[in-house]
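Some notes on the structure that comes next.
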Amino acid sequence: MKYVDEYRDGKLARGVAAAIARDSDPARNYALMEFCGGHTHAISRYGLEDLLPGNVRMVHGPGCPVCVLPVGRIDMALQLAAKPNVTLCCYGDLMRVPGSRGNSLLRAKAAGADIRMVYSTLDALVIAEAEPSRDVVFFAIGFETTTPPTALSIRLALKRDLGNFSVFCNHVLTPSAIERILACDSDGVRIDGFVGPAHVSTVIGTAPFRRFAQDFAKPVVVAGFEPLDVMQAILMLIRQVNDGRHEVENQYIRAVTEHGNRIAQAEVADIFELRENFEWRGLGQLPDSALRLKDAYAGFDAERRFALDDISASDNPACECGAILRGVKRPAECRLFGTVCTPETPMGSCMVSSEGACAAHWSYGRFRDHARRKTA
Amino acid sequence: MCLAIPAEVIELLPDQMARVSVDGVGKLVSVALLDELAIGDYVVLHVGFALTRIDPEEARRTLALLGQLGAEVLA
């Protein structure tokens, strides 16, 4: 068992689809939000929507950290990269995210800035160690999954006395975003239940989702990122909705526990603290929704070290990323989708990351729509 | 972004590092976030860090349940 192919078995998927068809009530609609980009990607890639009855609709949520990063933070990173002594390290997803005036890290790199794509914070530390004359800044983004690796990089930098290493911190928190979506009922998106995050939950556990199940009376099923995991979670949600239950259930029991990874939580709690406010693309300013470095680690905080000011910049006015991230609009409803905005020339962040709703629809979903129109 | 893949622990190394195999491809990763790891364990690997151990018993149980769901309806 390698824990991958087994959970992609088409025959098993058709069986679960049959169970969903049997258990879903044709007299009602089910709007289920998958919070994570990883789930959005799996749903599009494996054509899971084709296996669902017409009254079960998947709404794509804002759980792609690249997608929710506002333009202003990209502009701040571009400012950092423009400093002659700075080497900016980042995950590959960030390279093509559009900043203001059509600029991006990829363009800045082409123009001569020292920007390097890394797989891990460990790689950024190797660069800092090998090039002591450079100020190596790691552009940290991500939800709770990606935060512990950043925390450990700071711990290691301290241990190895790497004074030339710092972090531009953009880590955000899943529960705050879910809460915002639930509080935004005015938009008219009624969500019947949530497919909860897979790898975020390996770190934080299932316990933090209890609050939503209780306060907002919505079922949450934490699910793995393989197609069978998602199908089973949808079935579990439909059963909860039918029974009028709103509990937190765990489909991803092979990797997720109730209380998560305590070592990772302790590392994060030691290095980071809550920011009062942080801007999310599409969701606006959210209180207590992001992290920054504690004062004790101020020397590793790129924002303080380089005296960066917050930049607030606006999106391309025609871009519908905001509404798409809240689940109010679908990618094809954006005027830019597939015209000027494609993965080659993204106008908005949802088209950049392969986990973004627009990129997933561009790569997989639009062909299904096309086939559907042809047969209609 | 939260992409993570199952990897098998091949060798435990000093400084909380380990050599893992991702479907046959070897990689050096940090296991600082886990305790009680043994050779042959599968972990969920994310940006160079093992985040959690995969429980083989629960993994089998999930697959059995998935098979059972279909069998009930399609029988």
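By order in the structure tokens, chains are A, B, ...; within a chain, residues start at 1; ligands start at 1, following the order shown.
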
As a ChimeraX atom specification, could you give me every residue of chain A near chain B (at most 6 Å apart, counting only C-alpha atoms)?
/A:12,15-16,19,119-120,254-255,263-264

The selected residues should be written to file as a PDB file, in the first residue's frame (atoms: N, CA and C atoms).
ATOM      1  N   LEU A  12     -14.371   1.751  -7.169  1.00  0.00           N
ATOM      2  CA  LEU A  12     -14.837   2.146  -5.829  1.00  0.00           C
ATOM      3  C   LEU A  12     -15.578   3.486  -5.890  1.00  0.00           C
ATOM      4  N   GLY A  15     -19.050   3.161  -6.952  1.00  0.00           N
ATOM      5  CA  GLY A  15     -19.848   2.619  -5.844  1.00  0.00           C
ATOM      6  C   GLY A  15     -20.275   3.711  -4.876  1.00  0.00           C
ATOM      7  N   VAL A  16     -19.312   4.589  -4.505  1.00  0.00           N
ATOM      8  CA  VAL A  16     -19.648   5.678  -3.581  1.00  0.00           C
ATOM      9  C   VAL A  16     -20.636   6.635  -4.261  1.00  0.00           C
ATOM     10  N   ALA A  19     -24.005   5.334  -3.896  1.00  0.00           N
ATOM     11  CA  ALA A  19     -24.506   5.559  -2.536  1.00  0.00           C
ATOM     12  C   ALA A  19     -24.961   7.014  -2.366  1.00  0.00           C
ATOM     13  N   TYR A 119      12.025  24.740  -2.765  1.00  0.00           N
ATOM     14  CA  TYR A 119      11.016  23.733  -2.442  1.00  0.00           C
ATOM     15  C   TYR A 119      10.675  23.789  -0.962  1.00  0.00           C
ATOM     16  N   SER A 120      11.671  24.194  -0.162  1.00  0.00           N
ATOM     17  CA  SER A 120      11.518  24.095   1.289  1.00  0.00           C
ATOM     18  C   SER A 120      12.244  25.248   1.964  1.00  0.00           C
ATOM     19  N   ARG A 254      -6.752   8.272   8.570  1.00  0.00           N
ATOM     20  CA  ARG A 254      -5.417   7.690   8.481  1.00  0.00           C
ATOM     21  C   ARG A 254      -4.315   8.709   8.764  1.00  0.00           C
ATOM     22  N   ALA A 255      -4.647   9.996   8.735  1.00  0.00           N
ATOM     23  CA  ALA A 255      -3.611  11.013   8.962  1.00  0.00           C
ATOM     24  C   ALA A 255      -4.004  12.102   9.962  1.00  0.00           C
ATOM     25  N   ILE A 263       3.521  18.869  18.533  1.00  0.00           N
ATOM     26  CA  ILE A 263       4.884  19.424  18.397  1.00  0.00           C
ATOM     27  C   ILE A 263       4.831  20.618  17.451  1.00  0.00           C
ATOM     28  N   ALA A 264       4.129  20.436  16.307  1.00  0.00           N
ATOM     29  CA  ALA A 264       4.022  21.524  15.329  1.00  0.00           C
ATOM     30  C   ALA A 264       3.304  22.726  15.947  1.00  0.00           C
TER      31      ALA A 264
END

For the strand (DSSP E) assignment from backbone DSSP, which residues of chain B qualify? Please present them as a ChimeraX atom specification.
/B:5-13,17-22,25-30,42-46,49-53

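Pairwise distance (atom CA of Met351 of chain A, atom CA of Cys67 of chain A) equals 8.3 Å.
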
Could you pull out the residues in segment 66-220 of chain A that DSSP calls alpha helix (DSSP H) from the backbone, as a PyMOL selection string?
chain A and resi 66-68+71-82+105-110+121-130+147-159+174-183+199-204+210-215

Counting only C-alpha atoms, what is within 10 Å of Ile127 of chain A, bar same-chain residues fewer than 5 positions away, as a PyMOL selection string?
chain A and resi 87+89+116+118+121-122+132+134-136+165

Point-to-point distance from atom CA of Glu247 of chain A to atom CA of Arg45 of chain A, Å rounded to tenths
28.5 Å

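Ranking A:Lys294, A:His246, A:His60, A:Arg326 by their shortest atom-to-atom distance to Leu182 of chain A, with only C-alpha atoms included, puts A:Arg326 first.
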
Selection: 7 Å around Leu293 of chain A, only C-alpha atoms, excl. self and same-chain fewer than 4 positions, as a PyMOL selection string
chain A and resi 271-273+297-298+301

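For Leu37 of chain B, the list of residues within 9 Å, based on only C-alpha atoms and with local chain neighbours fewer than 4 positions off taken out, reads B:Val9, B:Leu12, B:Val31, B:Asp41, B:Arg53.
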
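Computed from the coordinates, the atom CA of Val352 of chain A to atom CA of Asp93 of chain A distance equals 7.3 Å.
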